[in-house]
file query09.txt (compact mmCIF, C-alpha atoms and all ligand atoms)
# COMPACT_ATOMS: atom_id res chain seq x y z
CA MET A 1 -21.31 -8.05 26.40
CA PRO A 2 -22.11 -8.59 22.75
CA THR A 3 -19.95 -11.72 22.41
CA PRO A 4 -20.60 -15.08 24.03
CA ALA A 5 -18.13 -15.83 26.83
CA ASN A 6 -16.58 -18.70 24.86
CA ASP A 7 -15.93 -16.64 21.70
CA ARG A 8 -12.14 -16.24 21.53
CA SER A 9 -12.05 -15.75 17.75
CA LEU A 10 -9.89 -12.62 17.99
CA LYS A 11 -7.33 -14.04 20.43
CA GLY A 12 -3.86 -12.62 19.76
CA LYS A 13 -5.17 -9.92 17.42
CA ALA A 14 -4.73 -6.19 17.90
CA ALA A 15 -7.49 -3.71 17.16
CA ILE A 16 -7.78 0.07 17.06
CA VAL A 17 -11.19 1.63 17.71
CA THR A 18 -11.38 5.38 17.15
CA GLY A 19 -14.17 7.02 19.10
CA GLY A 20 -13.92 4.06 21.48
CA ALA A 21 -14.66 6.14 24.57
CA SER A 22 -18.41 6.30 23.98
CA GLY A 23 -21.51 4.77 22.43
CA ILE A 24 -21.00 2.41 19.50
CA GLY A 25 -17.18 2.61 19.65
CA ARG A 26 -17.14 1.68 23.34
CA MET A 27 -19.37 -1.35 22.76
CA THR A 28 -17.23 -2.42 19.78
CA ALA A 29 -14.04 -2.19 21.86
CA LEU A 30 -15.67 -4.31 24.59
CA ALA A 31 -16.78 -6.88 22.01
CA PHE A 32 -13.25 -7.17 20.58
CA ALA A 33 -11.73 -7.50 24.05
CA GLY A 34 -14.35 -10.09 25.00
CA ALA A 35 -13.22 -12.17 22.03
CA GLY A 36 -9.58 -11.99 23.09
CA ALA A 37 -8.19 -9.01 21.15
CA ASN A 38 -5.89 -6.35 22.56
CA VAL A 39 -7.54 -3.00 21.93
CA THR A 40 -6.31 0.56 21.46
CA ILE A 41 -9.00 3.11 22.37
CA ALA A 42 -8.16 6.20 20.31
CA ASP A 43 -10.37 9.07 21.31
CA VAL A 44 -10.10 12.82 21.79
CA ASN A 45 -11.72 12.21 25.21
CA LEU A 46 -8.85 10.71 27.21
CA ASP A 47 -10.81 10.26 30.46
CA GLY A 48 -13.53 8.36 28.59
CA ALA A 49 -10.94 6.23 26.78
CA LYS A 50 -9.27 5.36 30.09
CA LYS A 51 -12.62 4.33 31.59
CA VAL A 52 -13.27 1.94 28.70
CA ALA A 53 -9.71 0.61 28.98
CA ALA A 54 -10.41 -0.11 32.66
CA GLU A 55 -13.66 -1.91 31.73
CA ILE A 56 -11.66 -4.04 29.29
CA GLU A 57 -9.07 -4.92 31.90
CA VAL A 58 -11.86 -6.11 34.21
CA LEU A 59 -12.73 -8.60 31.44
CA GLY A 60 -9.18 -9.95 31.67
CA ALA A 61 -8.09 -8.42 28.35
CA GLN A 62 -5.58 -5.65 27.62
CA ALA A 63 -6.25 -2.12 26.42
CA LEU A 64 -4.33 1.03 25.61
CA ALA A 65 -6.01 4.44 25.89
CA VAL A 66 -4.47 7.06 23.58
CA GLN A 67 -5.71 10.62 23.35
CA THR A 68 -6.11 11.18 19.63
CA ASP A 69 -7.75 13.83 17.50
CA VAL A 70 -8.28 11.81 14.33
CA SER A 71 -8.25 14.94 12.17
CA SER A 72 -4.54 15.43 12.96
CA TRP A 73 -1.96 13.41 11.01
CA ASP A 74 0.61 13.87 13.76
CA ALA A 75 -1.81 12.60 16.42
CA VAL A 76 -2.89 9.63 14.30
CA SER A 77 0.70 8.67 13.39
CA SER A 78 1.71 8.85 17.03
CA MET A 79 -1.30 6.73 18.13
CA VAL A 80 -0.49 4.07 15.53
CA ALA A 81 3.20 4.07 16.55
CA LYS A 82 2.19 3.56 20.21
CA THR A 83 -0.18 0.78 19.19
CA LEU A 84 2.56 -1.02 17.25
CA LYS A 85 5.06 -0.60 20.06
CA THR A 86 2.55 -2.08 22.52
CA TRP A 87 0.84 -4.87 20.54
CA LYS A 88 3.52 -5.45 17.81
CA ARG A 89 0.80 -5.81 15.16
CA ILE A 90 -2.43 -4.23 13.87
CA ASP A 91 -5.18 -6.54 12.61
CA ILE A 92 -8.31 -4.40 12.87
CA LEU A 93 -9.14 -0.72 12.49
CA VAL A 94 -12.61 0.63 13.21
CA ASN A 95 -13.10 4.25 12.20
CA ASP A 96 -15.97 5.17 14.51
CA ALA A 97 -15.00 8.68 15.73
CA ALA A 98 -17.30 11.40 14.48
CA ILE A 99 -19.09 14.59 15.38
CA SER A 100 -22.57 15.56 14.30
CA MET A 101 -24.11 18.93 13.53
CA SER A 102 -27.41 19.65 11.88
CA GLN A 103 -27.18 22.58 9.49
CA SER A 104 -28.64 23.37 6.08
CA ILE A 105 -26.87 25.08 3.17
CA VAL A 106 -28.36 28.40 4.33
CA ASP A 107 -27.14 28.39 7.90
CA ILE A 108 -24.00 26.26 7.82
CA LYS A 109 -20.80 28.05 8.74
CA VAL A 110 -17.90 27.27 6.43
CA GLU A 111 -15.69 26.45 9.41
CA ASP A 112 -18.29 23.93 10.67
CA TRP A 113 -18.32 22.23 7.26
CA ASP A 114 -14.52 22.04 7.40
CA ARG A 115 -14.48 20.61 10.95
CA ILE A 116 -17.05 17.90 10.17
CA MET A 117 -15.13 16.91 7.04
CA ALA A 118 -11.86 16.97 9.00
CA VAL A 119 -13.09 14.62 11.74
CA ASN A 120 -15.62 12.43 9.94
CA LEU A 121 -13.90 11.95 6.56
CA ARG A 122 -10.27 13.07 6.74
CA GLY A 123 -9.95 11.38 10.15
CA ALA A 124 -11.08 8.03 8.73
CA MET A 125 -8.72 8.40 5.76
CA LEU A 126 -5.76 9.36 7.97
CA CYS A 127 -6.27 6.34 10.22
CA CYS A 128 -6.44 4.05 7.17
CA LYS A 129 -3.28 5.65 5.76
CA ALA A 130 -1.46 5.13 9.05
CA VAL A 131 -2.33 1.42 9.51
CA VAL A 132 -2.29 0.11 5.94
CA PRO A 133 1.53 -0.21 5.59
CA GLN A 134 1.56 -2.50 8.65
CA MET A 135 -1.39 -4.51 7.33
CA ILE A 136 0.36 -4.88 3.96
CA ALA A 137 3.49 -6.11 5.77
CA GLN A 138 1.35 -8.63 7.73
CA ARG A 139 -0.47 -9.62 4.52
CA SER A 140 -3.80 -9.27 6.31
CA GLY A 141 -6.07 -6.72 7.89
CA VAL A 142 -9.66 -5.60 8.32
CA ILE A 143 -11.03 -2.07 8.33
CA VAL A 144 -14.60 -1.04 9.14
CA ASN A 145 -15.63 2.56 8.52
CA VAL A 146 -18.75 3.71 10.36
CA SER A 147 -21.02 5.71 8.07
CA SER A 148 -24.68 6.58 8.68
CA GLY A 149 -28.08 6.27 7.09
CA SER A 150 -27.75 10.03 6.52
CA GLY A 151 -24.99 9.30 4.02
CA PHE A 152 -27.44 7.38 1.83
CA ARG A 153 -30.74 9.19 2.31
CA PRO A 154 -30.60 12.90 3.25
CA ALA A 155 -32.28 13.25 6.63
CA GLY A 156 -32.93 16.97 6.30
CA GLY A 157 -30.47 19.59 7.46
CA ALA A 158 -27.49 17.41 8.27
CA LEU A 159 -25.67 18.59 5.16
CA ALA A 160 -22.00 18.28 6.04
CA TYR A 161 -22.54 15.20 8.20
CA GLY A 162 -24.43 13.39 5.41
CA CYS A 163 -21.88 14.35 2.74
CA ALA A 164 -19.00 13.16 4.93
CA LYS A 165 -20.79 9.89 5.71
CA ALA A 166 -21.52 9.25 2.01
CA ALA A 167 -17.82 9.74 1.28
CA VAL A 168 -16.84 7.41 4.13
CA ALA A 169 -18.71 4.57 2.38
CA HIS A 170 -16.90 5.39 -0.85
CA LEU A 171 -13.60 5.41 1.03
CA SER A 172 -14.36 1.79 2.01
CA ARG A 173 -15.24 0.80 -1.55
CA SER A 174 -12.11 2.48 -2.97
CA LEU A 175 -9.79 0.87 -0.43
CA ALA A 176 -11.45 -2.53 -0.88
CA VAL A 177 -10.48 -2.38 -4.56
CA ASP A 178 -6.95 -1.14 -3.91
CA LEU A 179 -6.11 -3.43 -0.98
CA GLY A 180 -7.80 -6.73 -1.83
CA LYS A 181 -4.55 -8.04 -3.32
CA HIS A 182 -2.92 -7.58 0.10
CA ASN A 183 -5.64 -9.63 1.83
CA ILE A 184 -7.03 -6.48 3.45
CA ARG A 185 -10.82 -6.14 3.62
CA VAL A 186 -12.61 -2.82 3.99
CA ASN A 187 -16.33 -2.50 4.74
CA THR A 188 -18.85 0.02 6.01
CA VAL A 189 -21.46 -0.19 8.73
CA ALA A 190 -24.22 2.40 8.35
CA PRO A 191 -26.18 2.72 11.60
CA GLY A 192 -29.74 3.88 11.85
CA LEU A 193 -30.99 5.78 14.88
CA THR A 194 -29.16 4.32 17.88
CA ASP A 195 -29.36 5.26 21.56
CA THR A 196 -25.95 6.84 22.30
CA PRO A 197 -24.64 10.07 23.83
CA MET A 198 -24.56 11.53 20.30
CA THR A 199 -28.29 11.11 19.72
CA ARG A 200 -29.17 11.94 23.35
CA LYS A 201 -27.85 15.45 22.61
CA ASN A 202 -30.82 16.01 20.29
CA TRP A 203 -33.34 13.75 22.05
CA PRO A 204 -32.45 13.66 25.75
CA SER A 205 -34.71 10.77 26.80
CA ARG A 206 -35.14 7.22 25.56
CA GLU A 207 -38.84 7.97 25.01
CA ALA A 208 -38.00 10.94 22.75
CA LEU A 209 -35.62 8.78 20.74
CA LEU A 210 -38.17 5.99 20.48
CA THR A 211 -40.73 8.47 19.16
CA GLN A 212 -38.24 9.41 16.43
CA ALA A 213 -37.70 5.72 15.64
CA LYS A 214 -41.47 5.16 15.36
CA THR A 215 -42.84 8.32 13.77
CA SER A 216 -40.23 10.64 12.23
CA PHE A 217 -38.72 10.83 8.75
CA ILE A 218 -36.07 8.37 9.95
CA ALA A 219 -38.61 5.96 11.44
CA ASN A 220 -38.04 2.26 10.84
CA PRO A 221 -40.69 -0.36 9.98
CA MET A 222 -39.84 -2.43 13.06
CA GLY A 223 -40.59 0.58 15.28
CA VAL A 224 -37.54 -0.01 17.47
CA LEU A 225 -34.69 2.01 18.88
CA LEU A 226 -31.33 0.40 18.16
CA GLU A 227 -28.72 -0.04 20.90
CA PRO A 228 -24.92 0.29 20.58
CA LYS A 229 -24.60 -3.51 20.78
CA ASP A 230 -26.63 -3.87 17.56
CA GLN A 231 -23.98 -1.85 15.71
CA ALA A 232 -21.09 -3.50 17.57
CA ASN A 233 -22.36 -6.97 16.61
CA ALA A 234 -22.32 -6.02 12.91
CA ILE A 235 -18.87 -4.44 13.11
CA PHE A 236 -17.61 -7.46 15.03
CA PHE A 237 -18.94 -9.90 12.42
CA LEU A 238 -17.24 -8.00 9.59
CA CYS A 239 -13.92 -8.18 11.49
CA THR A 240 -13.96 -11.96 11.94
CA ASP A 241 -13.02 -14.73 9.53
CA GLN A 242 -16.74 -15.49 9.25
CA ALA A 243 -16.73 -12.53 6.83
CA ARG A 244 -13.46 -13.47 5.11
CA TYR A 245 -14.70 -12.76 1.58
CA ILE A 246 -16.91 -9.79 2.34
CA THR A 247 -15.27 -6.55 1.24
CA GLY A 248 -16.33 -3.22 -0.24
CA GLN A 249 -19.85 -3.62 1.19
CA THR A 250 -22.15 -1.51 3.33
CA LEU A 251 -24.12 -3.21 6.06
CA HIS A 252 -27.15 -1.09 7.01
CA VAL A 253 -28.01 -1.77 10.64
CA ASN A 254 -31.21 0.23 10.90
CA ALA A 255 -34.27 -2.03 11.40
CA GLY A 256 -35.23 -1.21 7.80
CA SER A 257 -35.31 2.59 7.95
CA TRP A 258 -33.43 2.68 4.64
CA ILE A 259 -33.34 -0.33 2.36
CA SER A 260 -30.86 -0.40 -0.51
N1 LIG A 301 -26.00 7.04 17.26
C1 LIG A 301 -26.58 7.02 16.06
O1 LIG A 301 -27.82 7.04 15.93
C2 LIG A 301 -25.72 6.99 14.83
C3 LIG A 301 -26.39 6.91 13.60
C4 LIG A 301 -25.63 6.87 12.44
C5 LIG A 301 -24.26 6.89 12.52
N2 LIG A 301 -23.65 6.96 13.72
C6 LIG A 301 -22.18 6.97 13.73
O2 LIG A 301 -21.71 6.02 14.67
C7 LIG A 301 -20.44 6.45 15.17
C8 LIG A 301 -20.45 6.45 16.68
O3 LIG A 301 -21.42 7.37 17.12
P1 LIG A 301 -22.06 7.35 18.57
O4 LIG A 301 -23.50 7.55 18.36
O5 LIG A 301 -21.56 6.20 19.32
O6 LIG A 301 -21.47 8.74 19.12
P2 LIG A 301 -20.75 9.16 20.47
O7 LIG A 301 -20.79 10.65 20.46
O8 LIG A 301 -21.29 8.42 21.62
O9 LIG A 301 -19.24 8.68 20.24
C9 LIG A 301 -18.38 9.33 19.35
C10 LIG A 301 -16.97 9.29 19.92
O10 LIG A 301 -16.09 9.94 18.98
C11 LIG A 301 -15.18 10.73 19.73
N3 LIG A 301 -14.64 11.81 18.91
C12 LIG A 301 -15.26 12.93 18.48
N4 LIG A 301 -14.41 13.69 17.79
C13 LIG A 301 -13.22 13.03 17.77
C14 LIG A 301 -11.95 13.31 17.20
N5 LIG A 301 -11.71 14.45 16.52
N6 LIG A 301 -10.96 12.40 17.36
C15 LIG A 301 -11.18 11.26 18.06
N7 LIG A 301 -12.36 10.96 18.65
C16 LIG A 301 -13.36 11.83 18.48
C17 LIG A 301 -16.00 11.25 20.91
O11 LIG A 301 -15.18 11.72 21.97
C18 LIG A 301 -16.83 10.03 21.26
O12 LIG A 301 -16.16 9.22 22.21
C19 LIG A 301 -20.18 7.82 14.55
O13 LIG A 301 -19.37 7.65 13.40
C20 LIG A 301 -21.55 8.28 14.15
O14 LIG A 301 -21.53 9.23 13.12
C21 LIG A 301 -24.34 7.02 14.88
call {"tool": "encode", "arguments": {"input": "query09.txt", "output": "structure tokens"}}
result
Amino acid sequence: MPTPANDRSLKGKAAIVTGGASGIGRMTALAFAGAGANVTIADVNLDGAKKVAAEIEVLGAQALAVQTDVSSWDAVSSMVAKTLKTWKRIDILVNDAAISMSQSIVDIKVEDWDRIMAVNLRGAMLCCKAVVPQMIAQRSGVIVNVSSGSGFRPAGGALAYGCAKAAVAHLSRSLAVDLGKHNIRVNTVAPGLTDTPMTRKNWPSREALLTQAKTSFIANPMGVLLEPKDQANAIFFLCTDQARYITGQTLHVNAGSWIS
């Protein structure tokens, strides 16, 4: 658990975590629940979302698993409506859901570009669009969009992914400007190489991932492999009142692999 057992700083709050069935999203959902929040796990993988909801209930908190393809406005609207019906409020949105593909301009298929943009960028925008009216009505809210180091420094080949992740950070900056007057904060967390099912697809063992973290183009000066809890801790911090005047920023959680 990323939060100390006595941290109840999110008690009574309601959070939505897209992509909450796996990796960084799962750990973020557990952190929120550990601090007392009710959590909606919105993921295209319903079985995975239900498993995380069950883990949350073991902690004594409440969770709602909703099958959601974030690229679909109908699916996102329905998920937000179910969330409101269940928790009666929405305080936190974490846009974590994403897919990754590694293709250059030469080999990328146009339909793959469109799908990555639809999930990784349009999906984040749709979820923001769906929750912001409620946050405005509540006169408060926090949104964290999960970007990537690839959105700031091209990692070679991941063209559509990197472009979408760069735009996700700009989405945060744009919304921070537009929504500050409503007491709504919007920030970005940009992970470096982290051990999750997404990265295990390319590097199936921890050793292979660690080699990337130590020696590849995306190596970091600390020579470490980050864990989902490292990202969840940063997202969690940005969602608490400890960060009450932090908005429009990008927090790079990457052991120094890219320093802005
Ligand atoms: N792991 C890393 O090294 C790393 C690095 C940089 C950025 N990130 C970003 O962190 C976030 C989490 O990644 P992760 O590594 O935990 O990956 P992951 O694959 O473990 O989790 C991603 C989740 O998103 C869900 N998802 C995929 N498409 C969806 C859709 N259309 N609608 C709803 N849910 C969908 C998946 O089912 C999965 O549960 C992503 O935004 C990713 O781009 C990860």
call {"tool": "residues_near_ligand", "arguments": {"input": "query09.txt", "ligand": "ligand LIG 301 (chain A)", "cutoff": "6 Å", "atoms": "all atoms listed in the file", "output": "ChimeraX atom specification"}}
result
/A:18-25,43-45,68-71,96-99,119,146-149,191-199
call {"tool": "atom_distance", "arguments": {"input": "query09.txt", "atom1": "CA of Ile92 in chain A", "atom2": "CA of Met135 in chain A"}}
result
8.9 Å
call {"tool": "closest_atom_pairs", "arguments": {"input": "query09.txt", "of": "range 11-119 of chain A", "to": "range 137-145 of chain A", "cutoff": "8 Å", "atoms": "all atoms listed in the file", "output": "Markdown table"}}
result
| residue | atom | partner | partner_atom | distance |
| --- | --- | --- | --- | --- |
| A:Arg89 | CA | A:Gln138 | CA | 8.0 |
| A:Ile90 | CA | A:Gly141 | CA | 7.4 |
| A:Asp91 | CA | A:Gly141 | CA | 4.8 |
| A:Ile92 | CA | A:Val142 | CA | 4.9 |
| A:Leu93 | CA | A:Ile143 | CA | 4.8 |
| A:Val94 | CA | A:Val144 | CA | 4.8 |
| A:Asn95 | CA | A:Asn145 | CA | 4.8 |
| A:Asp96 | CA | A:Asn145 | CA | 6.5 |
call {"tool": "residues_around", "arguments": {"input": "query09.txt", "residues": "Gly60 in chain A", "least_positions_apart": "5", "cutoff": "12 Å", "atoms": "all atoms listed in the file", "output": "list in words"}}
result
Ala5, Leu30, Ala33, Gly34, Ala35, Gly36, Ala37, Asn38, Ala53, Ala54 and Glu55 of chain A
call {"tool": "atom_distance", "arguments": {"input": "query09.txt", "atom1": "CA of Arg153 in chain A", "atom2": "CA of His252 in chain A"}}
result
11.9 Å
call {"tool": "residues_around", "arguments": {"input": "query09.txt", "residues": "Ser100 in chain A", "least_positions_apart": "2", "cutoff": "9 Å", "atoms": "only C-alpha atoms", "output": "JSON list (two decimals) with C-alpha atoms, in the frame of the given file"}}
result
[["chain", "number", "residue", "atom", "x", "y", "z"],
["A", 98, "ALA", "CA", -17.30, 11.40, 14.48],
["A", 102, "SER", "CA", -27.41, 19.65, 11.88],
["A", 116, "ILE", "CA", -17.05, 17.90, 10.17],
["A", 120, "ASN", "CA", -15.62, 12.43, 9.94],
["A", 158, "ALA", "CA", -27.49, 17.41, 8.27],
["A", 160, "ALA", "CA", -22.00, 18.28, 6.04],
["A", 161, "TYR", "CA", -22.54, 15.20, 8.20],
["A", 198, "MET", "CA", -24.56, 11.53, 20.30]]
call {"tool": "atom_distance", "arguments": {"input": "query09.txt", "atom1": "CA of Ala15 in chain A", "atom2": "CA of Phe32 in chain A"}}
result
7.5 Å
call {"tool": "residues_near_point", "arguments": {"input": "query09.txt", "point": "(-5.9, -10.9, 0.8)", "cutoff": "10 Å", "atoms": "all atoms listed in the file", "output": "JSON, numbers by chain"}}
result
{"A": [136, 139, 140, 141, 142, 179, 180, 181, 182, 183, 184, 185, 244, 245]}
call {"tool": "closest_residue", "arguments": {"input": "query09.txt", "among": "A:Val186, A:Leu210, A:Ala167, A:Trp258", "to": "Ala243 in chain A", "atoms": "all atoms listed in the file"}}
result
A:Val186
call {"tool": "closest_residue", "arguments": {"input": "query09.txt", "among": "A:Ala14, A:Met79, A:Ala255, A:Met101", "to": "Ala63 in chain A", "atoms": "all atoms listed in the file"}}
result
A:Ala14
call {"tool": "residues_near_point", "arguments": {"input": "query09.txt", "point": "(-39.3, 1.4, 11.8)", "cutoff": "10 Å", "atoms": "only C-alpha atoms", "output": "NGL selection string"}}
result
:A and (192-193 or 210 or 212-225 or 254-258)
call {"tool": "write_last_selection", "arguments": {"input": "query09.txt", "atoms": "C-alpha atoms", "output": "short mmCIF file (atom, residue, chain, number, x, y, z; two decimals), in the frame of the given file"}}
result
data_model
loop_
_atom_site.label_atom_id
_atom_site.label_comp_id
_atom_site.auth_asym_id
_atom_site.auth_seq_id
_atom_site.Cartn_x
_atom_site.Cartn_y
_atom_site.Cartn_z
CA GLY A 192 -29.74 3.88 11.85
CA LEU A 193 -30.99 5.78 14.88
CA LEU A 210 -38.17 5.99 20.48
CA GLN A 212 -38.24 9.41 16.43
CA ALA A 213 -37.70 5.72 15.64
CA LYS A 214 -41.47 5.16 15.36
CA THR A 215 -42.84 8.32 13.77
CA SER A 216 -40.23 10.64 12.23
CA PHE A 217 -38.72 10.83 8.75
CA ILE A 218 -36.07 8.37 9.95
CA ALA A 219 -38.61 5.96 11.44
CA ASN A 220 -38.04 2.26 10.84
CA PRO A 221 -40.69 -0.36 9.98
CA MET A 222 -39.84 -2.43 13.06
CA GLY A 223 -40.59 0.58 15.28
CA VAL A 224 -37.54 -0.01 17.47
CA LEU A 225 -34.69 2.01 18.88
CA ASN A 254 -31.21 0.23 10.90
CA ALA A 255 -34.27 -2.03 11.40
CA GLY A 256 -35.23 -1.21 7.80
CA SER A 257 -35.31 2.59 7.95
CA TRP A 258 -33.43 2.68 4.64
#
call {"tool": "decode", "arguments": {"input": "query09.txt", "residues": "range 37-55 of chain A", "atoms": "N, CA and C atoms", "output": "JSON list (two decimals), in the first residue's frame"}}
result
[["chain", "number", "residue", "atom", "x", "y", "z"],
["A", 37, "ALA", "N", -11.03, 7.20, 0.11],
["A", 37, "ALA", "CA", -11.90, 7.60, -1.02],
["A", 37, "ALA", "C", -12.72, 6.42, -1.53],
["A", 38, "ASN", "N", -13.89, 6.71, -2.08],
["A", 38, "ASN", "CA", -14.63, 5.74, -2.88],
["A", 38, "ASN", "C", -14.10, 5.84, -4.30],
["A", 39, "VAL", "N", -13.91, 4.70, -4.94],
["A", 39, "VAL", "CA", -13.19, 4.72, -6.23],
["A", 39, "VAL", "C", -13.98, 4.00, -7.32],
["A", 40, "THR", "N", -14.12, 4.66, -8.46],
["A", 40, "THR", "CA", -14.62, 4.00, -9.67],
["A", 40, "THR", "C", -13.43, 3.54, -10.51],
["A", 41, "ILE", "N", -13.41, 2.25, -10.81],
["A", 41, "ILE", "CA", -12.36, 1.70, -11.69],
["A", 41, "ILE", "C", -12.97, 1.62, -13.08],
["A", 42, "ALA", "N", -12.54, 2.49, -13.97],
["A", 42, "ALA", "CA", -13.09, 2.54, -15.33],
["A", 42, "ALA", "C", -12.07, 1.96, -16.29],
["A", 43, "ASP", "N", -12.34, 0.78, -16.78],
["A", 43, "ASP", "CA", -11.34, 0.11, -17.61],
["A", 43, "ASP", "C", -12.06, -0.73, -18.67],
["A", 44, "VAL", "N", -11.45, -0.86, -19.81],
["A", 44, "VAL", "CA", -12.01, -1.70, -20.86],
["A", 44, "VAL", "C", -11.98, -3.17, -20.43],
["A", 45, "ASN", "N", -11.09, -3.50, -19.51],
["A", 45, "ASN", "CA", -10.95, -4.87, -18.98],
["A", 45, "ASN", "C", -11.81, -5.00, -17.72],
["A", 46, "LEU", "N", -13.03, -5.50, -17.91],
["A", 46, "LEU", "CA", -13.97, -5.56, -16.78],
["A", 46, "LEU", "C", -13.52, -6.54, -15.70],
["A", 47, "ASP", "N", -13.00, -7.71, -16.11],
["A", 47, "ASP", "CA", -12.56, -8.69, -15.11],
["A", 47, "ASP", "C", -11.46, -8.09, -14.23],
["A", 48, "GLY", "N", -10.51, -7.43, -14.88],
["A", 48, "GLY", "CA", -9.41, -6.79, -14.14],
["A", 48, "GLY", "C", -9.94, -5.72, -13.20],
["A", 49, "ALA", "N", -10.90, -4.93, -13.69],
["A", 49, "ALA", "CA", -11.47, -3.85, -12.86],
["A", 49, "ALA", "C", -12.18, -4.45, -11.64],
["A", 50, "LYS", "N", -12.88, -5.55, -11.86],
["A", 50, "LYS", "CA", -13.59, -6.19, -10.74],
["A", 50, "LYS", "C", -12.61, -6.73, -9.70],
["A", 51, "LYS", "N", -11.48, -7.26, -10.19],
["A", 51, "LYS", "CA", -10.47, -7.79, -9.24],
["A", 51, "LYS", "C", -9.92, -6.66, -8.36],
["A", 52, "VAL", "N", -9.66, -5.51, -8.98],
["A", 52, "VAL", "CA", -9.14, -4.38, -8.19],
["A", 52, "VAL", "C", -10.21, -3.88, -7.23],
["A", 53, "ALA", "N", -11.46, -3.86, -7.70],
["A", 53, "ALA", "CA", -12.56, -3.45, -6.80],
["A", 53, "ALA", "C", -12.63, -4.38, -5.60],
["A", 54, "ALA", "N", -12.42, -5.68, -5.83],
["A", 54, "ALA", "CA", -12.44, -6.64, -4.71],
["A", 54, "ALA", "C", -11.27, -6.38, -3.76],
["A", 55, "GLU", "N", -10.10, -6.05, -4.32],
["A", 55, "GLU", "CA", -8.93, -5.72, -3.46],
["A", 55, "GLU", "C", -9.25, -4.51, -2.58]]
